[in-house]
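S.K.: This one is entry08.pdb, PDB, C-alpha atoms.
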ATOM      1  CA  MET A   1      12.268   1.630  -8.000
ATOM      2  CA  LYS A   2       9.773   4.485  -7.960
ATOM      3  CA  TYR A   3       6.400   4.360  -9.654
ATOM      4  CA  SER A   4       6.455   4.859 -13.400
ATOM      5  CA  VAL A   5       4.224   7.690 -14.548
ATOM      6  CA  ILE A   6       2.259   7.366 -17.762
ATOM      7  CA  PHE A   7       1.577  10.640 -19.522
ATOM      8  CA  THR A   8       0.017  10.191 -22.944
ATOM      9  CA  THR A   9      -2.367  12.505 -24.728
ATOM     10  CA  SER A  10      -5.118   9.925 -24.863
ATOM     11  CA  LEU A  11      -4.756   9.075 -21.173
ATOM     12  CA  ILE A  12      -4.905  12.699 -20.079
ATOM     13  CA  LEU A  13      -7.995  13.261 -22.194
ATOM     14  CA  PHE A  14      -9.544  10.167 -20.711
ATOM     15  CA  THR A  15      -8.820  11.045 -17.070
ATOM     16  CA  THR A  16      -9.823  14.697 -17.314
ATOM     17  CA  SER A  17     -13.587  15.200 -17.348
ATOM     18  CA  LEU A  18     -16.168  17.882 -16.649
ATOM     19  CA  LEU A  19     -19.442  16.535 -15.340
ATOM     20  CA  ALA A  20     -22.365  18.228 -13.585
ATOM     21  CA  GLN A  21     -21.973  16.355 -10.320
ATOM     22  CA  TYR A  22     -18.663  14.479 -10.318
ATOM     23  CA  GLY A  23     -15.412  13.777 -12.108
ATOM     24  CA  SER A  24     -14.164  10.263 -12.611
ATOM     25  CA  ALA A  25     -11.663   7.891 -14.141
ATOM     26  CA  ASP A  26     -11.820   4.107 -14.240
ATOM     27  CA  GLU A  27      -9.922   3.902 -10.953
ATOM     28  CA  ALA A  28     -11.136   7.007  -9.093
ATOM     29  CA  ARG A  29     -14.144   9.279  -8.772
ATOM     30  CA  ALA A  30     -14.521  12.708  -7.170
ATOM     31  CA  GLU A  31     -17.588  14.623  -6.062
ATOM     32  CA  ILE A  32     -18.565  17.539  -3.828
ATOM     33  CA  ILE A  33     -20.682  16.725  -0.782
ATOM     34  CA  PHE A  34     -22.551  18.997   1.636
ATOM     35  CA  ASP A  35     -23.435  18.499   5.291
ATOM     36  CA  SER A  36     -26.713  19.698   6.807
ATOM     37  CA  PHE A  37     -27.745  23.282   6.065
ATOM     38  CA  ASN A  38     -30.571  25.415   7.462
ATOM     39  CA  PRO A  39     -31.048  28.726   5.591
ATOM     40  CA  ASP A  40     -32.812  30.289   8.588
ATOM     41  CA  SER A  41     -29.790  29.981  10.886
ATOM     42  CA  ASP A  42     -26.633  28.903   9.067
ATOM     43  CA  THR A  43     -24.062  31.175   7.452
ATOM     44  CA  ILE A  44     -21.427  28.428   7.343
ATOM     45  CA  ILE A  45     -21.874  25.287   5.259
ATOM     46  CA  ASN A  46     -19.694  22.269   5.994
ATOM     47  CA  ALA A  47     -18.664  20.673   2.725
ATOM     48  CA  GLY A  48     -16.106  18.226   1.429
ATOM     49  CA  ILE A  49     -14.481  16.704  -1.618
ATOM     50  CA  LEU A  50     -15.122  12.972  -1.618
ATOM     51  CA  ILE A  51     -12.717  10.816  -3.602
ATOM     52  CA  THR A  52     -13.507   7.128  -4.051
ATOM     53  CA  LEU A  53     -10.764   4.831  -5.335
ATOM     54  CA  GLU A  54     -10.802   1.326  -6.725
ATOM     55  CA  LYS A  55      -9.144  -1.431  -4.671
ATOM     56  CA  ASP A  56      -5.358  -1.049  -4.215
ATOM     57  CA  TRP A  57      -5.244   2.416  -5.820
ATOM     58  CA  HIS A  58      -4.243   5.457  -3.776
ATOM     59  CA  ILE A  59      -4.091   9.235  -4.093
ATOM     60  CA  TYR A  60      -1.656  11.617  -2.430
ATOM     61  CA  TRP A  61      -1.469  13.887   0.622
ATOM     62  CA  ARG A  62      -0.197  17.504   0.550
ATOM     63  CA  ASN A  63       3.350  16.063   0.730
ATOM     64  CA  SER A  64       3.422  13.074  -1.591
ATOM     65  CA  GLY A  65       6.703  11.628  -0.298
ATOM     66  CA  ASP A  66       9.065   9.680  -2.574
ATOM     67  CA  SER A  67       6.572   9.203  -5.398
ATOM     68  CA  GLY A  68       3.513  10.828  -6.899
ATOM     69  CA  ILE A  69       2.564  14.504  -6.734
ATOM     70  CA  PRO A  70       0.670  16.409  -4.011
ATOM     71  CA  THR A  71      -3.068  16.643  -4.550
ATOM     72  CA  SER A  72      -4.261  20.211  -5.150
ATOM     73  CA  PHE A  73      -7.670  21.909  -5.175
ATOM     74  CA  ASN A  74      -8.643  25.132  -6.937
ATOM     75  CA  PHE A  75     -12.107  26.583  -6.142
ATOM     76  CA  ASP A  76     -14.425  28.670  -8.275
ATOM     77  CA  VAL A  77     -17.318  30.311  -6.364
ATOM     78  CA  PRO A  78     -19.190  33.628  -6.542
ATOM     79  CA  GLU A  79     -17.142  36.640  -5.425
ATOM     80  CA  GLU A  80     -19.136  37.178  -2.216
ATOM     81  CA  ILE A  81     -18.585  33.592  -1.061
ATOM     82  CA  LYS A  82     -15.559  32.668   1.068
ATOM     83  CA  ILE A  83     -13.976  29.213   1.126
ATOM     84  CA  THR A  84     -11.707  28.013   3.943
ATOM     85  CA  GLU A  85      -8.591  25.979   3.270
ATOM     86  CA  VAL A  86      -9.115  22.299   2.563
ATOM     87  CA  GLN A  87      -8.311  20.110   5.589
ATOM     88  CA  TRP A  88      -6.216  16.977   5.256
ATOM     89  CA  PRO A  89      -7.054  13.787   7.190
ATOM     90  CA  ILE A  90      -4.162  11.764   8.602
ATOM     91  CA  PRO A  91      -2.521  10.028   5.627
ATOM     92  CA  LYS A  92      -1.470   6.409   5.318
ATOM     93  CA  ILE A  93       2.190   5.607   4.651
ATOM     94  CA  PHE A  94       2.747   3.464   1.555
ATOM     95  CA  GLU A  95       6.135   1.782   1.103
ATOM     96  CA  LEU A  96       7.589   0.095  -1.983
ATOM     97  CA  GLU A  97      11.171  -1.166  -2.195
ATOM     98  CA  GLY A  98      12.375   1.181   0.528
ATOM     99  CA  TYR A  99      10.572   4.266  -0.775
ATOM    100  CA  ALA A 100       7.709   5.801   1.208
ATOM    101  CA  SER A 101       4.827   7.996   0.112
ATOM    102  CA  TYR A 102       1.815   9.505   1.894
ATOM    103  CA  GLY A 103      -1.790   9.325   0.807
ATOM    104  CA  TYR A 104      -5.198   7.701   0.941
ATOM    105  CA  GLU A 105      -6.983   4.614  -0.342
ATOM    106  CA  ASP A 106     -10.605   3.464  -0.578
ATOM    107  CA  ARG A 107     -12.588   6.640   0.285
ATOM    108  CA  VAL A 108     -11.372   9.947   1.649
ATOM    109  CA  VAL A 109     -13.160  13.223   2.390
ATOM    110  CA  PHE A 110     -11.257  16.520   2.328
ATOM    111  CA  PRO A 111     -13.429  18.855   4.457
ATOM    112  CA  PHE A 112     -13.759  22.595   3.931
ATOM    113  CA  GLN A 113     -16.246  25.302   4.891
ATOM    114  CA  ILE A 114     -18.267  27.712   2.793
ATOM    115  CA  LYS A 115     -18.978  31.089   4.394
ATOM    116  CA  ILE A 116     -21.977  32.926   3.006
ATOM    117  CA  PRO A 117     -22.995  36.547   3.797
ATOM    118  CA  CYS A 118     -25.580  37.112   6.540
ATOM    119  CA  ASP A 119     -27.734  39.032   4.066
ATOM    120  CA  LYS A 120     -27.971  36.093   1.701
ATOM    121  CA  THR A 121     -28.953  37.477  -1.667
ATOM    122  CA  LEU A 122     -28.171  34.319  -3.610
ATOM    123  CA  ASN A 123     -30.967  31.819  -4.123
ATOM    124  CA  SER A 124     -28.536  29.058  -4.971
ATOM    125  CA  LEU A 125     -24.819  28.428  -4.779
ATOM    126  CA  GLU A 126     -22.704  26.613  -7.342
ATOM    127  CA  VAL A 127     -19.332  25.343  -6.106
ATOM    128  CA  ALA A 128     -16.754  24.200  -8.646
ATOM    129  CA  VAL A 129     -13.425  22.578  -7.776
ATOM    130  CA  GLU A 130     -10.531  21.728 -10.062
ATOM    131  CA  ILE A 131      -8.592  18.732  -8.741
ATOM    132  CA  LYS A 132      -5.092  17.867  -9.860
ATOM    133  CA  SER A 133      -3.423  14.734  -8.594
ATOM    134  CA  LEU A 134      -1.988  11.341  -9.394
ATOM    135  CA  ILE A 135      -3.438   7.940  -8.576
ATOM    136  CA  CYS A 136      -1.136   4.971  -8.216
ATOM    137  CA  LYS A 137      -1.113   1.207  -7.920
ATOM    138  CA  ASP A 138       1.680  -0.656  -9.748
ATOM    139  CA  LEU A 139       1.887   2.383 -12.017
ATOM    140  CA  CYS A 140       0.589   5.930 -11.819
ATOM    141  CA  LYS A 141      -1.966   7.839 -13.850
ATOM    142  CA  PRO A 142      -2.947  11.513 -13.779
ATOM    143  CA  PHE A 143      -6.223  12.186 -12.019
ATOM    144  CA  ASN A 144      -7.414  15.623 -13.080
ATOM    145  CA  ALA A 145     -11.073  16.496 -12.704
ATOM    146  CA  GLU A 146     -13.341  19.497 -12.426
ATOM    147  CA  VAL A 147     -16.356  18.805 -10.240
ATOM    148  CA  ARG A 148     -19.273  21.093  -9.457
ATOM    149  CA  LYS A 149     -22.449  21.018  -7.417
ATOM    150  CA  VAL A 150     -25.362  23.377  -6.760
ATOM    151  CA  LEU A 151     -26.953  23.955  -3.344
ATOM    152  CA  ASP A 152     -30.362  25.617  -2.923
ATOM    153  CA  LEU A 153     -29.817  28.359  -0.326
ATOM    154  CA  LYS A 154     -33.539  28.913   0.238
ATOM    155  CA  SER A 155     -34.329  25.393   1.426
ATOM    156  CA  ALA A 156     -33.046  23.207   4.234
ATOM    157  CA  TYR A 157     -30.720  20.406   3.157
ATOM    158  CA  TYR A 158     -30.155  17.087   4.923
ATOM    159  CA  PRO A 159     -27.571  14.691   3.480
ATOM    160  CA  PRO A 160     -28.085  10.929   3.228
ATOM    161  CA  THR A 161     -26.967   8.943   6.278
ATOM    162  CA  GLU A 162     -23.951   7.589   4.406
ATOM    163  CA  ILE A 163     -22.691  11.108   3.651
ATOM    164  CA  LYS A 164     -23.289  12.233   7.227
ATOM    165  CA  GLU A 165     -21.217   9.285   8.469
ATOM    166  CA  LEU A 166     -18.412  10.130   6.030
ATOM    167  CA  PHE A 167     -18.256  13.672   7.450
ATOM    168  CA  ILE A 168     -18.074  12.360  11.012
ATOM    169  CA  LYS A 169     -15.304   9.918  10.088
ATOM    170  CA  ALA A 170     -13.320  12.593   8.234
ATOM    171  CA  LEU A 171     -13.514  15.098  11.096
ATOM    172  CA  ASN A 172     -12.333  12.416  13.532
ATOM    173  CA  GLN A 173      -9.308  11.779  11.313
ATOM    174  CA  LEU A 174      -8.098  15.380  11.165
ATOM    175  CA  PRO A 175      -4.903  16.308  13.032
ATOM    176  CA  GLU A 176      -5.596  18.444  16.096
ATOM    177  CA  LYS A 177      -4.100  21.831  16.830
ATOM    178  CA  ASN A 178      -1.340  21.078  19.282
ATOM    179  CA  ASP A 179      -2.031  22.115  22.848
ATOM    180  CA  VAL A 180      -1.278  18.631  24.196
ATOM    181  CA  VAL A 181       2.386  17.753  23.652
ATOM    182  CA  ASN A 182       5.541  19.673  24.521
ATOM    183  CA  ILE A 183       8.370  19.237  22.042
ATOM    184  CA  GLU A 184      12.066  20.009  22.327
ATOM    185  CA  ALA A 185      13.587  19.624  18.854
ATOM    186  CA  ILE A 186      17.362  19.467  18.363
ATOM    187  CA  GLY A 187      19.116  19.306  15.003
ATOM    188  CA  TYR A 188      22.246  17.233  14.383
ATOM    189  CA  SER A 189      24.243  16.732  11.200
ATOM    190  CA  ASP A 190      22.218  13.749  10.001
ATOM    191  CA  LYS A 191      18.914  13.939  11.896
ATOM    192  CA  ILE A 192      16.668  15.818  14.263
ATOM    193  CA  SER A 193      15.780  14.502  17.689
ATOM    194  CA  MET A 194      12.428  15.381  19.253
ATOM    195  CA  LYS A 195      11.911  14.944  22.978
ATOM    196  CA  ILE A 196       8.153  14.744  23.471
ATOM    197  CA  ASN A 197       6.241  14.820  26.746
ATOM    198  CA  SER A 198       2.666  15.422  27.763
ATOM    199  CA  GLU A 199       0.595  14.986  30.889
ATOM    200  CA  ARG A 200      -2.267  13.764  28.700
ATOM    201  CA  LEU A 201      -0.298  11.035  26.905
ATOM    202  CA  ASN A 202       0.526   7.737  28.604
ATOM    203  CA  THR A 203       3.912   6.900  27.096
ATOM    204  CA  ALA A 204       3.541   3.233  28.089
ATOM    205  CA  LYS A 205       0.601   2.893  25.689
ATOM    206  CA  ILE A 206       2.329   4.476  22.684
ATOM    207  CA  LYS A 207       2.983   1.785  20.067
ATOM    208  CA  SER A 208       4.635   4.065  17.505
ATOM    209  CA  ALA A 209       5.374   7.713  16.784
ATOM    210  CA  HIS A 210       5.897   9.280  13.372
ATOM    211  CA  PHE A 211       6.581  12.766  12.062
ATOM    212  CA  ILE A 212       5.509  13.686   8.512
ATOM    213  CA  PRO A 213       6.661  17.127   7.307
ATOM    214  CA  TYR A 214       4.546  19.429   5.176
ATOM    215  CA  GLU A 215       7.548  20.124   2.923
ATOM    216  CA  ASN A 216       9.199  17.356   0.938
ATOM    217  CA  GLY A 217      12.935  17.002   0.300
ATOM    218  CA  ILE A 218      14.200  17.776   3.810
ATOM    219  CA  PHE A 219      13.633  14.584   5.786
ATOM    220  CA  ARG A 220      13.946  10.954   4.753
ATOM    221  CA  ASN A 221      10.570   9.424   3.962
ATOM    222  CA  SER A 222      10.186   6.103   5.743
ATOM    223  CA  LEU A 223       7.617   3.655   7.033
ATOM    224  CA  ASN A 224       9.129   3.587  10.520
ATOM    225  CA  GLN A 225      11.070   6.117  12.582
ATOM    226  CA  GLU A 226      13.262   5.311  15.561
ATOM    227  CA  PHE A 227      11.837   6.236  18.949
ATOM    228  CA  THR A 228      12.582   5.361  22.554
ATOM    229  CA  LYS A 229      10.400   5.553  25.637
ATOM    230  CA  ASN A 230      11.303   7.083  28.972
ATOM    231  CA  SER A 231       9.130   7.174  32.072
ATOM    232  CA  ASP A 232       7.685  10.588  31.261
ATOM    233  CA  SER A 233       8.623  11.199  27.624
ATOM    234  CA  ILE A 234       9.608   9.694  24.303
ATOM    235  CA  VAL A 235      12.437  10.622  21.961
ATOM    236  CA  LEU A 236      11.738  10.457  18.229
ATOM    237  CA  ASN A 237      14.606  10.591  15.735
ATOM    238  CA  VAL A 238      13.938  11.707  12.158
ATOM    239  CA  GLU A 239      16.733  11.357   9.604
ATOM    240  CA  TYR A 240      17.528  14.067   7.090
ATOM    241  CA  ASP A 241      17.159  13.252   3.415
ATOM    242  CA  GLN A 242      20.508  12.303   1.885
ATOM    243  CA  PHE A 243      20.071  15.110  -0.648
ATOM    244  CA  ARG A 244      18.091  17.519   1.516
ATOM    245  CA  THR A 245      17.177  20.785  -0.133
ATOM    246  CA  LYS A 246      17.918  22.891   2.946
ATOM    247  CA  THR A 247      18.604  22.788   6.673
ATOM    248  CA  PRO A 248      15.372  23.857   8.385
ATOM    249  CA  GLU A 249      15.076  26.415  11.157
ATOM    250  CA  SER A 250      11.791  24.897  12.320
ATOM    251  CA  ILE A 251       9.851  21.684  11.918
ATOM    252  CA  GLU A 252       6.361  21.898  10.468
ATOM    253  CA  GLY A 253       4.086  18.948   9.862
ATOM    254  CA  ILE A 254       2.034  16.393  11.744
ATOM    255  CA  LEU A 255       3.013  14.135  14.607
ATOM    256  CA  ILE A 256       1.164  10.808  14.564
ATOM    257  CA  PHE A 257       0.863   8.413  17.489
ATOM    258  CA  GLU A 258      -0.483   4.875  17.490
ATOM    259  CA  ILE A 259      -2.000   4.337  20.948
ATOM    260  CA  ARG A 260      -2.967   1.024  22.521
ATOM    261  CA  SER A 261      -6.466   1.117  23.992
ATOM    262  CA  GLU A 262      -9.169  -1.303  25.100
ATOM    263  CA  GLU A 263     -10.747  -0.951  21.648
ATOM    264  CA  GLY A 264      -7.440  -1.755  19.922
ATOM    265  CA  ILE A 265      -4.912   0.515  18.224
ATOM    266  CA  LYS A 266      -6.079   4.058  17.507
ATOM    267  CA  LYS A 267      -4.305   6.940  15.782
ATOM    268  CA  ILE A 268      -4.110  10.482  17.054
ATOM    269  CA  SER A 269      -2.257  13.308  15.373
ATOM    270  CA  TYR A 270      -1.196  16.870  16.134
ATOM    271  CA  GLU A 271      -0.129  19.731  13.873
ATOM    272  CA  ILE A 272       3.250  21.023  15.005
ATOM    273  CA  ASN A 273       5.397  24.030  14.234
ATOM    274  CA  GLU A 274       8.445  24.055  16.472
ATOM    275  CA  LYS A 275      11.702  25.959  16.414
ATOM    276  CA  LEU A 276      14.697  23.730  15.761
ATOM    277  CA  GLU A 277      17.687  24.169  18.052
ATOM    278  CA  VAL A 278      21.081  23.227  16.596
ATOM    279  CA  SER A 279      23.274  21.014  18.748
ATOM    280  CA  ASN A 280      26.943  21.888  19.246
ATOM    281  CA  ASN A 281      27.554  18.151  19.327
ATOM    282  CA  GLN A 282      26.942  17.170  15.704
ATOM    283  CA  LYS A 283      27.327  13.430  16.205
TER     284      LYS A 283
END
As structure tokens, how would this structure be written, given the file I've shared?

M.R.:
Amino acid sequence: MKYSVIFTTSLILFTTSLLAQYGSADEARAEIIFDSFNPDSDTIINAGILITLEKDWHIYWRNSGDSGIPTSFNFDVPEEIKITEVQWPIPKIFELEGYASYGYEDRVVFPFQIKIPCDKTLNSLEVAVEIKSLICKDLCKPFNAEVRKVLDLKSAYYPPTEIKELFIKALNQLPEKNDVVNIEAIGYSDKISMKINSERLNTAKIKSAHFIPYENGIFRNSLNQEFTKNSDSIVLNVEYDQFRTKTPESIEGILIFEIRSEEGIKKISYEINEKLEVSNNQK
């Protein structure tokens, strides 16, 4: 059973709001946050969209999985200002009755950067973001908000300690560009098999491995994926979706490892884009 989605006129009006500093619903709130900025030296401002959710509610990743819709962001800034793409922290996998989805609970920051011209002619900068998403618990509700915030470009800005800590946490949760693992990906009739090795990964300490694609509808969404350990590598098998929309020529997404350490279990993730070889043995 997938989540039921409630779309009524009154609910949409209730969950869509335009406020000076933040957008909110009963179960979720969004706001724009800025990291430190010094007008005498900085031409790049680290910023983020902070979404705070009530207990047990979650919002979705760029691939929502079996339920929900992907969260999207649409920016409105002055023409001379450049905005980088929003970055996506490693999502959590939610499972209900055999269906899996990808997203976030509690608090999540989606970092991005604002690039301002070296010859700063603006005295202040207003950033507006339109957010479209769905928030879910036992049921789902639309979460659509337009949030905006103004930053004085003539004065130094220092965020509260809590905001600074949220930025640090978010940056630590971003998938890394992959220059660590080597992947040989082979496609079969019902799955792909990834042989993964790396001199920097101790396979004995890997508790789990999971691949989440950027595109939905190709691979089966699941809480767990089958993997085996060898002395110098692991093999991760990812099943195709029963009704897959296409047979891919490459695999694009994030590879997540749970690693045993002295501090406990930690997650590391890498962005991957690998060519998929087709096996002559389709079993």

S.K.: May I ask for the distance between CA of Asp66 in chain A and CA of Glu215 in chain A, given in Å to one decimal place?

M.R.: 11.9 Å

S.K.: Tell me which protein, DNA and RNA residues are within 12 Å of range 151-160 of chain A, counting all atoms listed in the file, leaving out same-chain ones fewer than 2 positions away, and put them as a ChimeraX atom specification.

M.R.: /A:21,32-47,77,114,116-128,148-149,162-167

S.K.: Calculate, to one decimal in Å, the centre and edge lengths of the box along x, y and z of the file that holds all listed atoms of range 88-100 of chain A with 6 Å of margin on each side, and present them as JSON.

M.R.:
{"center_x": 2.7, "center_y": 7.9, "center_z": 3.2, "size_x": 31.4, "size_y": 30.1, "size_z": 22.8}

S.K.: How many Å lie between CA of Ser222 in chain A and CA of Ser250 in chain A, rounded to one decimal?

M.R.: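 Pair CA of Ser222 in chain A / CA of Ser250 in chain A returns 20.0 Å.
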
S.K.: Written as JSON, numbers by chain, what is the full residue list that the PyMOL selection byres ((chain A and resi 96-108) around 9) yields on the file shown?

M.R.: {"A": [1, 2, 3, 49, 50, 51, 52, 53, 54, 55, 56, 57, 58, 59, 60, 61, 62, 63, 64, 65, 66, 67, 68, 70, 89, 90, 91, 92, 93, 94, 95, 109, 110, 166, 170, 212, 220, 221, 222, 223]}

S.K.: Excluding range 176-193 of chain A and its own-chain neighbours fewer than 2 positions away, which residues fall within 6 Å of it when counting all atoms listed in the file? Please give them as a list in words.

M.R.: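 That gives Lys195, Ile196, Asn197, Ser198, Leu236, Asn237, Val238, Glu239, Tyr240, Tyr270, Glu271, Leu276, Glu277, Val278, Ser279 and Gln282 of chain A.
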
S.K.: Identify which of the residues A:Glu146, A:Ile218, A:Gly264, A:Asn224 lies closest to Ile251 in chain A, counting all atoms listed in the file when measuring atom-to-atom distances.

M.R.: A:Ile218

S.K.: Could you jot down the CA of Val147 in chain A to CA of Ile131 in chain A separation for me, Å, one decimal place?

M.R.: 7.9 Å

S.K.: Give as number ranges by chain the set of residues within 9 Å of the point (-6.9, 21.3, 5.5), where distances use the file's coordinates and all atoms listed in the file.

M.R.: A: 84-89, 110-112, 174

S.K.: Give the answer as one residue: which of A:Arg244, A:Leu201, A:Ala145, A:Ile83 has the shortest atom-to-atom distance to Glu31 in chain A, using all atoms listed in the file?

M.R.: A:Ala145

S.K.: Select, from A:Lys267, A:Lys275, A:Lys115, A:Lys229, the residue with the minimum atom-to-atom distance to Pro248 in chain A, counting all atoms listed in the file.

M.R.: A:Lys275

S.K.: Compare A:Ser208, A:Asn144, A:Asn74, A:Asn273 by their minimum atom-to-atom distance to Glu252 in chain A, counting only C-alpha atoms, and give me the closest one.

M.R.: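 Of the candidates, the smallest distance to Glu252 in chain A is held by A:Asn273.
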
S.K.: Looking at A:Ile259, A:Ile81, A:Ile265, A:Leu139, which one is nearest to Ile206 in chain A, with distances taken over all atoms listed in the file?

M.R.: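 Under the stated criterion, the closest residue is A:Ile259.
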